[in-house]
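Next comes run_27.cif, with mmCIF, C-alpha atoms.
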data_coords
loop_
_atom_site.label_atom_id
_atom_site.label_comp_id
_atom_site.auth_asym_id
_atom_site.auth_seq_id
_atom_site.Cartn_x
_atom_site.Cartn_y
_atom_site.Cartn_z
CA GLY S 18 162.59 167.56 24.46
CA GLY S 19 164.81 164.51 24.58
CA TYR S 20 168.48 164.19 25.32
CA GLY S 21 169.70 165.51 21.95
CA GLY S 22 173.26 166.19 23.10
CA ILE S 23 173.85 162.68 24.41
CA LEU S 24 172.02 161.04 21.51
CA GLY S 25 173.81 163.21 18.94
CA VAL S 26 177.28 162.56 20.33
CA GLY S 27 176.60 158.83 20.63
CA SER S 28 174.99 158.50 17.20
CA GLY S 29 178.18 157.28 15.48
CA SER S 30 178.81 154.42 17.89
CA SER S 31 177.50 150.87 17.96
CA ARG S 32 177.35 151.28 21.76
CA LEU S 33 174.18 153.12 22.76
CA PRO S 34 174.52 156.29 24.85
CA ARG S 35 173.01 156.40 28.32
CA LEU S 36 172.08 158.83 31.08
CA ILE S 37 172.83 157.29 34.48
CA ARG S 38 171.15 158.61 37.63
CA LEU S 39 172.49 157.47 40.99
CA SER S 40 171.42 158.88 44.35
CA TYR S 41 171.99 158.60 48.08
CA LYS S 42 170.14 160.36 50.89
CA GLY S 43 171.99 160.33 54.18
CA PRO S 44 170.53 160.46 57.65
CA LYS S 45 169.57 164.00 58.63
CA ALA S 46 170.40 165.31 55.16
CA SER S 47 170.04 169.08 55.20
CA LYS S 48 171.55 169.90 51.81
CA LYS S 49 171.13 168.44 48.34
CA VAL S 50 174.13 168.24 46.03
CA ALA S 51 173.80 167.45 42.33
CA LEU S 52 176.90 165.97 40.71
CA VAL S 53 177.35 165.83 36.95
CA GLY S 54 180.25 163.92 35.43
CA LYS S 55 181.36 163.78 31.80
CA GLY S 56 181.28 160.20 30.56
CA ILE S 57 182.80 160.03 27.10
CA THR S 58 183.98 156.43 27.11
CA PHE S 59 186.15 157.00 24.04
CA ASP S 60 186.66 160.27 22.20
CA THR S 61 187.93 160.10 18.64
CA GLY S 62 186.65 163.62 18.03
CA GLY S 63 183.86 162.22 15.86
CA ILE S 64 183.77 163.51 12.28
CA SER S 65 186.14 166.32 13.45
CA ILE S 66 188.63 163.54 14.18
CA LYS S 67 191.55 164.05 16.56
CA PRO S 68 195.15 163.42 15.50
CA ALA S 69 196.20 159.78 15.99
CA ALA S 70 198.98 160.65 18.46
CA ASN S 71 197.87 159.89 22.03
CA MET S 72 194.36 158.88 20.96
CA ASP S 73 194.79 155.75 23.09
CA GLU S 74 194.44 158.06 26.12
CA MET S 75 190.91 159.07 25.11
CA THR S 76 189.41 156.34 27.29
CA SER S 77 190.14 158.72 30.18
CA ASP S 78 187.52 161.17 28.88
CA MET S 79 185.11 159.44 31.23
CA SER S 80 187.04 160.31 34.38
CA GLY S 81 184.47 162.92 35.43
CA ALA S 82 181.77 160.24 35.33
CA ALA S 83 183.91 157.83 37.33
CA ALA S 84 184.62 160.53 39.92
CA VAL S 85 180.99 161.45 40.56
CA ILE S 86 179.82 157.82 40.69
CA ALA S 87 182.61 157.04 43.18
CA THR S 88 181.60 160.11 45.21
CA VAL S 89 178.00 158.91 45.58
CA LEU S 90 179.18 155.42 46.57
CA LEU S 91 181.61 156.87 49.11
CA ALA S 92 178.96 159.19 50.59
CA ALA S 93 176.70 156.14 51.08
CA LYS S 94 179.50 154.07 52.60
CA LEU S 95 180.33 156.89 55.05
CA LYS S 96 176.62 157.60 55.69
CA TYR S 97 177.36 161.24 54.93
CA PRO S 98 174.57 163.67 56.04
CA LEU S 99 173.78 164.94 52.53
CA GLU S 100 171.52 164.03 49.68
CA VAL S 101 173.76 163.40 46.68
CA ILE S 102 172.42 162.82 43.18
CA ALA S 103 174.72 162.00 40.27
CA THR S 104 173.55 162.61 36.71
CA VAL S 105 176.03 161.00 34.35
CA PRO S 106 175.82 161.24 30.55
CA ILE S 107 177.63 158.33 28.86
CA ALA S 108 178.48 158.23 25.14
CA GLU S 109 181.22 157.19 22.77
CA ASN S 110 182.20 159.87 20.22
CA MET S 111 182.92 157.89 17.04
CA PRO S 112 182.87 158.72 13.33
CA SER S 113 180.57 156.62 11.18
CA GLY S 114 177.83 156.93 8.60
CA THR S 115 175.36 157.66 11.41
CA SER S 116 177.47 160.28 13.24
CA TYR S 117 176.32 163.78 13.96
CA ARG S 118 178.04 166.30 11.75
CA PRO S 119 179.32 169.87 11.87
CA GLY S 120 176.34 172.03 10.93
CA ASP S 121 173.78 169.79 12.67
CA VAL S 122 171.40 171.45 15.11
CA LEU S 123 170.67 169.40 18.23
CA THR S 124 167.85 169.98 20.71
CA ILE S 125 169.22 169.43 24.19
CA TYR S 126 167.14 168.38 27.18
CA GLY S 127 164.88 171.27 28.13
CA GLY S 128 164.36 172.40 24.53
CA LYS S 129 167.30 174.69 23.75
CA THR S 130 168.97 174.18 20.39
CA VAL S 131 172.69 174.04 19.75
CA GLU S 132 174.46 174.23 16.39
CA VAL S 133 177.40 171.83 16.19
CA LEU S 134 180.45 173.45 14.62
CA ASN S 135 183.01 170.87 15.75
CA THR S 136 182.13 167.33 16.84
CA ASP S 137 185.19 167.27 19.11
CA ALA S 138 183.34 169.74 21.36
CA GLU S 139 181.16 166.83 22.51
CA GLY S 140 181.58 167.36 26.23
CA ARG S 141 179.51 170.52 26.40
CA LEU S 142 176.70 168.80 24.46
CA ILE S 143 176.32 165.84 26.81
CA LEU S 144 176.90 168.01 29.88
CA ALA S 145 174.17 170.43 28.77
CA ASP S 146 171.63 167.59 28.81
CA ALA S 147 172.85 166.35 32.18
CA MET S 148 173.07 169.76 33.86
CA VAL S 149 169.55 170.74 32.81
CA ARG S 150 168.23 167.39 34.09
CA ALA S 151 170.21 167.68 37.35
CA SER S 152 168.86 171.18 37.97
CA GLU S 153 165.32 169.74 37.96
CA ASP S 154 166.19 168.11 41.30
CA ASN S 155 166.45 171.65 42.79
CA PRO S 156 169.85 171.09 44.38
CA ASP S 157 171.52 173.50 46.78
CA TYR S 158 174.73 172.99 44.78
CA LEU S 159 175.43 171.65 41.30
CA ILE S 160 178.99 170.44 40.70
CA ASP S 161 180.19 169.40 37.26
CA THR S 162 183.36 167.33 36.88
CA ALA S 163 184.82 166.95 33.41
CA THR S 164 187.88 166.70 31.22
CA LEU S 165 186.94 169.40 28.75
CA THR S 166 189.88 170.97 27.01
CA GLY S 167 193.59 170.72 26.46
CA ALA S 168 193.70 174.53 26.58
CA GLN S 169 193.16 174.32 30.34
CA VAL S 170 196.37 172.29 30.67
CA VAL S 171 198.21 174.91 28.62
CA ALA S 172 196.87 177.71 30.84
CA LEU S 173 197.10 176.05 34.27
CA GLY S 174 199.52 173.15 33.91
CA ARG S 175 198.95 169.58 35.07
CA ARG S 176 198.81 170.26 38.82
CA THR S 177 196.15 172.99 38.96
CA ALA S 178 192.48 172.28 38.36
CA GLY S 179 190.22 174.80 36.67
CA VAL S 180 187.41 175.67 39.10
CA MET S 181 184.58 178.05 38.21
CA GLY S 182 181.52 179.14 40.17
CA THR S 183 180.38 181.75 42.65
CA GLU S 184 183.38 183.22 44.48
CA ASP S 185 182.43 181.66 47.83
CA PHE S 186 181.78 178.17 46.51
CA ARG S 187 184.70 178.26 44.07
CA ASP S 188 187.12 179.21 46.83
CA ARG S 189 185.80 176.47 49.14
CA VAL S 190 186.23 173.84 46.39
CA ALA S 191 189.68 175.16 45.40
CA ALA S 192 190.84 175.04 49.04
CA ILE S 193 190.11 171.28 49.13
CA GLY S 194 192.45 170.52 46.20
#
Take the structure from the file and write it as structure tokens.
Amino acid sequence: GGYGGILGVGSGSSRLPRLIRLSYKGPKASKKVALVGKGITFDTGGISIKPAANMDEMTSDMSGAAAVIATVLLAAKLKYPLEVIATVPIAENMPSGTSYRPGDVLTIYGGKTVEVLNTDAEGRLILADAMVRASEDNPDYLIDTATLTGAQVVALGRRTAGVMGTEDFRDRVAAIG
């Protein structure tokens, strides 16, 4: 199947969605790391539109994408001994006559179907496409970086990142922050 999550989320915008792939293979690379970063360049919430207050901040919904692209560039600059592959879904979540709608069923990359109940849950749709594609590179680690939910800020505050994964890897990542 195609990239139904990215194409669905981006269907309301005049700016076409994209899937960016950027890679670096360092000297003596022994491990392969797949990075996925959420790239919603502007998030209105789509048809399930967000409140107007603070919507100007929704350009930051692409910070996960910026972080993983910068990571690949930095790994190359430092000649880091890893293979690093970034898979970055880019879309603008806008309401229009061509937007995806609550109730639509999208086929994400790899063939799974997802019913859309709220178009402001766009991150998981584009990340599903990107994570399935990134896993095809058979990485040793897959790391996803995203701004996904305001509920995380309520639960953890603004200084603590939400980190999920196997206990060993999660604890190693959390120790860095």
* Evaluate the PyMOL selection byres ((chain S and resi 50-63) around 6) on the structure here and hand back the selected residues as a PyMOL selection string. => chain S and resi 49+64-67+75-76+78-79+81-82+85+101-112+136-137+156-163
* Asked: Within 12 Å of Ala191 of chain S, counting all atoms listed in the file, which residues qualify if same-chain residues fewer than 2 places away don't, as a list in words?
  -> Thr177, Ala178, Gly179, Val180, Met181, Gly182, Thr183, Glu184, Asp185, Phe186, Arg187, Asp188, Arg189, Ile193 and Gly194 of chain S
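Counting from atom CA of Arg175 of chain S, the distance to atom CA of Leu144 of chain S is 22.7 Å.
Taking atom CA of Glu139 of chain S as the reference point, atom CA of Thr164 of chain S is found at 11.0 Å.
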* Which value, in Å to one decimal, gives the distance between atom CA of Asp154 of chain S and atom CA of Val89 of chain S? -> 15.6 Å
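Considering the residues S:Thr88, S:Ala192, S:Gly19, S:Pro68 and counting all atoms listed in the file, Ser40 of chain S has its shortest atom-to-atom contact with S:Thr88.
Near Gly27 of chain S, within 9 Å and counting all atoms listed in the file, sit S:Gly22, S:Ile23, S:Leu24, S:Gly25, S:Gly29, S:Ser30, S:Ser31, S:Arg32, S:Leu33, S:Pro34, S:Arg35, S:Ile107, S:Ala108, S:Glu109, S:Asn110, S:Met111, S:Ser116, S:Tyr117, not including residues fewer than 2 positions from it in the same chain.
You can rank S:Arg38, S:Lys48, S:Tyr20, S:Val26 by their closest distance to Arg118 of chain S using all atoms listed in the file, and at the top of that list sits S:Val26.
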* To do: Extract, using all atoms listed in the file, all DNA, RNA and protein residues at most 10 Å from Tyr41 of chain S, discarding same-chain residues fewer than 2 positions from it, and format them as a PyMOL selection string.
  => chain S and resi 39+43-44+46+49+89-94+96-103
* To do: Tell me, as number ranges by chain, which residues lie within 9 Å of Gly127 of chain S, counting all atoms listed in the file; anything in the same chain fewer than 3 positions away does not count.
  => S: 18-20, 124, 146, 149-150
Set the distance at 8 Å and use only C-alpha atoms: which residues neighbour Ala145 of chain S once local chain neighbours fewer than 3 positions away are removed? I'd like the list as a PDB file with C-alpha atoms, in the frame of the given file.
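And here's part-v6.pdb as it stands now:
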ATOM      1  CA  GLY S  22     173.260 166.190  23.100  1.00  0.00           C
ATOM      2  CA  ILE S 125     169.220 169.430  24.190  1.00  0.00           C
ATOM      3  CA  TYR S 126     167.140 168.380  27.180  1.00  0.00           C
ATOM      4  CA  ARG S 141     179.510 170.520  26.400  1.00  0.00           C
ATOM      5  CA  LEU S 142     176.700 168.800  24.460  1.00  0.00           C
ATOM      6  CA  MET S 148     173.070 169.760  33.860  1.00  0.00           C
ATOM      7  CA  VAL S 149     169.550 170.740  32.810  1.00  0.00           C
TER       8      VAL S 149
END
